[in-house]
Amino acid sequence: MEAMSTNTELLDNRDELTRIIDSVLTQAKELGASAAEAEVGVGSGLSANVRKGEIDKLEYERDKALSITVFIDGQKGNSSTSDFSDNAIKQSVQAAIGIARYASRDEFAGLVEPELMATEFPDLDLYHPWDISPEAAIELAINCEQLAFDADKRISNSDGSVVSTYSGLNLYGNTHNFINGWNWSNHTIDCTVIAEDSNGMQRDGWYSKTRDYHDLQSAKEISQEAARRTVAKLGSRKLKTCQAPVIFEAPVASGLFSAFITAISGGSLYRRASFLLDKKGEQVFADHINISEQPYIKKALGSAPFDNDGVATREHDIIKDGVLQEYVLSGYSARKLGLQTTANAGGVHNLVIEPGKESLDELVKKMGNGLLITDMIGFGVNQITGDYSRGASGFWVENGELAYPVEEITVAGNLIDMYKNIISIASDVDPRGNVLTGSVLMDTMTIAGE
């Protein structure tokens with residue numbers, strides 16, 4: 001049987017993708033695999049990029065891929081293909097088997113226990129395809145950019161406006177008689193502009209990203225926020241090196257907690273390359289901080305009924321009153337550590353940092369004097385020591401009010417201390433990713449400038 005002709009057909013034909021996975025697993029067992037797993041993904045999307053009212057790029061994507069993993073008594077082999085014909089699939093299974101027979105034995109390799117497989121699959125409302133035509137996407141992108149130009153006469157140029165949509169279907173199966181998956185969608189409107197005055201030029205933007213296109217911010221809202229943020233940066237100054245409190249605005253605060261998750265993830269722990277090694281049961285955050293994994297939030301970008309091992313996800317506390325409750329483990333890393341999987345193969349599903357009741361403006365007033373960070377540059381985290389140093393820009397705050405924009409500065413500290421020095425988390429939770437946090441007010445950090 002030849003591969004089906006279009007991804008649209010495959011998106012609507014879950015039975016065919018299930019047949020493909022079942023065929024892979026059957027063939028793997030027949031060829032000597034003691035266990036096997038396979039994942040198939042198909043998707044299609046449209047992206048319209050415009051700049052200064054002209055089409056810059058129009059792309060239509062069609063993707064499909066099959067990934068195969070086999071185990072032969074602790075020896076592991078992988079292969080993949082984008083050809084879904086029966087002959088190509090057969091060759092891919094044979095390739096995976098061949099690789100496994102030459103691989104080194106790993107006593108921890110293999111599937112998780114069959115009793116851990118997910119048995120319930122709640123509808124998380126993740127699939128909302130957007131049947132927007134290329135003409136309509138281009139028109140929307142041009143309109144969004146033009147609204148930004150119209151918002152302020154100092155907006156003199158553009159880095160472009162983008163309207164994109166993508167819908168997919170992913171299925172996972174293994175030789176525990178498990179095959180399941182879900183349809184999903186992502187949609188984005190993005191606008192980035194350049195403002196100019198006698199002091200020079202500044203660049204900034206804003207975007208909206210959702211599962212359901214009905215939930216996207218309007219072009220007007222996105223363009224106005226892009227213009228506001230860009231114009232606000234005009235006249236940016238440098239700071240003299242100092243120590244002061246710092247607020248990480250919600251869109252950049254997520255990086256603080258991504259570094260935390262990396263530090264408590266199985267791979268970092270069994271390699272003993274983490275600044276939070278052996279910290280389970282100890283206080284690692286300020287005692288008012290609570291962090292949980294909530295994989296069943298409807299329409300959220302990180303929601304999933306099971307992880308990449310097929311293990312049912314679950315709601316649970318990771319930090320409770322500042323104390324580390326659990327590590328973040330896949331089946332493999334759990335075996336390496338002699339622990340139980342936490343259903344985090346592939347990562348965390350909606351890391352929720354419990355917000356406070358204060359708005360960002362109230363957090364600024366509470367800080368008094370200090371730095372509000374709105375943009376960060378580079379990735380400067382040492383996962384072994386916790387040392388933190390990143391380029392930043394934002395606003396200097398005096399007497400609880402934004403005084404002037406600042407740029408070309410570096411903020412530095414150590415995450416072990418920084419986490420314990422979190423004073424407040426605002427209510428302005430940014431929903432556009434897998435880490436759901438509001439702005440974070442941190443006690444004194446080193447700010448390096450002139």
# chains A, B, ... in the order shown; residues from 1 in each chain; ligands from 1

call {"tool": "residues_around", "arguments": {"residues": "region 144-150 of chain A", "least_positions_apart": "4", "cutoff": "9 Å", "atoms": "only C-alpha atoms", "output": "ChimeraX atom specification"}}
result
/A:50-53,139-140,154-158,160-162,189-193,218-228

call {"tool": "select_by_dssp", "arguments": {"residues": "region 23-204 of chain A", "states": "helix (DSSP H, G or I)", "output": "number ranges by chain"}}
result
A: 23-30, 86-102, 114-116, 134-151

call {"tool": "residues_around", "arguments": {"residues": "region 126-134 of chain A", "least_positions_apart": "4", "cutoff": "7 Å", "atoms": "only C-alpha atoms", "output": "PyMOL selection string"}}
result
chain A and resi 138+165+167+183-185+211-213+299

call {"tool": "write_last_selection", "arguments": {"atoms": "C-alpha atoms", "output": "short mmCIF file (atom, residue, chain, number, x, y, z; two decimals), in the first residue's frame"}}
result
data_model
loop_
_atom_site.label_atom_id
_atom_site.label_comp_id
_atom_site.auth_asym_id
_atom_site.auth_seq_id
_atom_site.Cartn_x
_atom_site.Cartn_y
_atom_site.Cartn_z
CA ILE A 138 -1.71 37.98 4.33
CA THR A 165 -1.47 28.24 11.83
CA SER A 167 -2.64 21.45 12.96
CA ASN A 183 -5.01 16.01 17.48
CA TRP A 184 -3.67 19.46 18.28
CA SER A 185 -3.33 22.93 16.84
CA ARG A 211 -4.64 26.44 20.58
CA ASP A 212 -7.94 27.98 19.46
CA TYR A 213 -7.74 30.82 16.95
CA LYS A 299 -6.58 24.48 25.60
#

call {"tool": "select_by_dssp", "arguments": {"residues": "region 296-362 of chain A", "states": "strand (DSSP E or B)", "output": "list in words"}}
result
Phe306, Val311, Ala312, His316, Asp317, Ile318, Ile319, Lys320, Val323, Leu324, Val328, Leu351, Val352 and Ile353 of chain A

call {"tool": "closest_atom_pairs", "arguments": {"of": "region 236-285 of chain A", "to": "region 420-427 of chain A", "cutoff": "9 Å", "atoms": "only C-alpha atoms", "output": "CSV"}}
result
residue,atom,partner,partner_atom,distance
A:Ala250,CA,A:Ala426,CA,8.3
A:Gln283,CA,A:Lys420,CA,8.3
A:Val284,CA,A:Lys420,CA,6.3
A:Phe285,CA,A:Lys420,CA,4.3

call {"tool": "write_last_selection", "arguments": {"atoms": "N, CA and C atoms", "output": "mmCIF file, in the first residue's frame"}}
result
data_model
loop_
_atom_site.group_PDB
_atom_site.id
_atom_site.type_symbol
_atom_site.label_atom_id
_atom_site.label_comp_id
_atom_site.auth_asym_id
_atom_site.auth_seq_id
_atom_site.Cartn_x
_atom_site.Cartn_y
_atom_site.Cartn_z
ATOM 1 N N ALA A 250 6.755 38.885 33.291
ATOM 2 C CA ALA A 250 6.271 37.521 33.079
ATOM 3 C C ALA A 250 6.860 36.820 31.857
ATOM 4 N N GLN A 283 14.081 22.868 51.490
ATOM 5 C CA GLN A 283 13.557 24.136 51.019
ATOM 6 C C GLN A 283 14.503 24.716 49.977
ATOM 7 N N VAL A 284 13.976 24.938 48.771
ATOM 8 C CA VAL A 284 14.793 25.499 47.703
ATOM 9 C C VAL A 284 14.227 26.820 47.182
ATOM 10 N N PHE A 285 12.990 27.144 47.534
ATOM 11 C CA PHE A 285 12.377 28.428 47.202
ATOM 12 C C PHE A 285 11.936 29.112 48.497
#

call {"tool": "closest_residue", "arguments": {"among": "A:Thr446, A:Asn177, A:Ser92, A:Ser85", "to": "Ala35 (chain A)", "atoms": "only C-alpha atoms"}}
result
A:Asn177

call {"tool": "residues_around", "arguments": {"residues": "Met445 (chain A)", "least_positions_apart": "4", "cutoff": "6 Å", "atoms": "only C-alpha atoms", "output": "PDB file with N, CA and C atoms, in the first residue's frame"}}
result
ATOM      1  N   GLN A 243      23.813  47.144  43.001  1.00  0.00           N
ATOM      2  CA  GLN A 243      22.988  46.052  43.505  1.00  0.00           C
ATOM      3  C   GLN A 243      21.620  46.618  43.828  1.00  0.00           C
ATOM      4  N   ALA A 244      20.578  45.920  43.380  1.00  0.00           N
ATOM      5  CA  ALA A 244      19.220  46.424  43.575  1.00  0.00           C
ATOM      6  C   ALA A 244      18.221  45.297  43.371  1.00  0.00           C
ATOM      7  N   GLY A 413      23.636  36.552  39.621  1.00  0.00           N
ATOM      8  CA  GLY A 413      23.382  36.028  40.956  1.00  0.00           C
ATOM      9  C   GLY A 413      23.601  34.524  40.925  1.00  0.00           C
TER      10      GLY A 413
END

call {"tool": "residues_around", "arguments": {"residues": "Thr241 (chain A)", "least_positions_apart": "4", "cutoff": "8 Å", "atoms": "only C-alpha atoms", "output": "list in words"}}
result
Thr446, Ile447, Ala448, Gly449 and Glu450 of chain A

call {"tool": "closest_residue", "arguments": {"among": "A:Asp430, A:Tyr419, A:Ile384, A:Ile179", "to": "Ile289 (chain A)", "atoms": "only C-alpha atoms"}}
result
A:Tyr419

call {"tool": "atom_distance", "arguments": {"atom1": "CA of Arg14 (chain A)", "atom2": "CA of Val42 (chain A)"}}
result
10.3 Å

call {"tool": "residues_around", "arguments": {"residues": "Met201 (chain A)", "least_positions_apart": "2", "cutoff": "12 Å", "atoms": "only C-alpha atoms", "output": "count of residues only"}}
result
21

call {"tool": "closest_residue", "arguments": {"among": "A:Lys240, A:Arg335, A:Pro355, A:Phe257", "to": "His288 (chain A)", "atoms": "only C-alpha atoms"}}
result
A:Pro355

call {"tool": "residues_around", "arguments": {"residues": "Asn399 (chain A)", "least_positions_apart": "3", "cutoff": "10 Å", "atoms": "only C-alpha atoms", "output": "PyMOL selection string"}}
result
chain A and resi 364-370+402-403
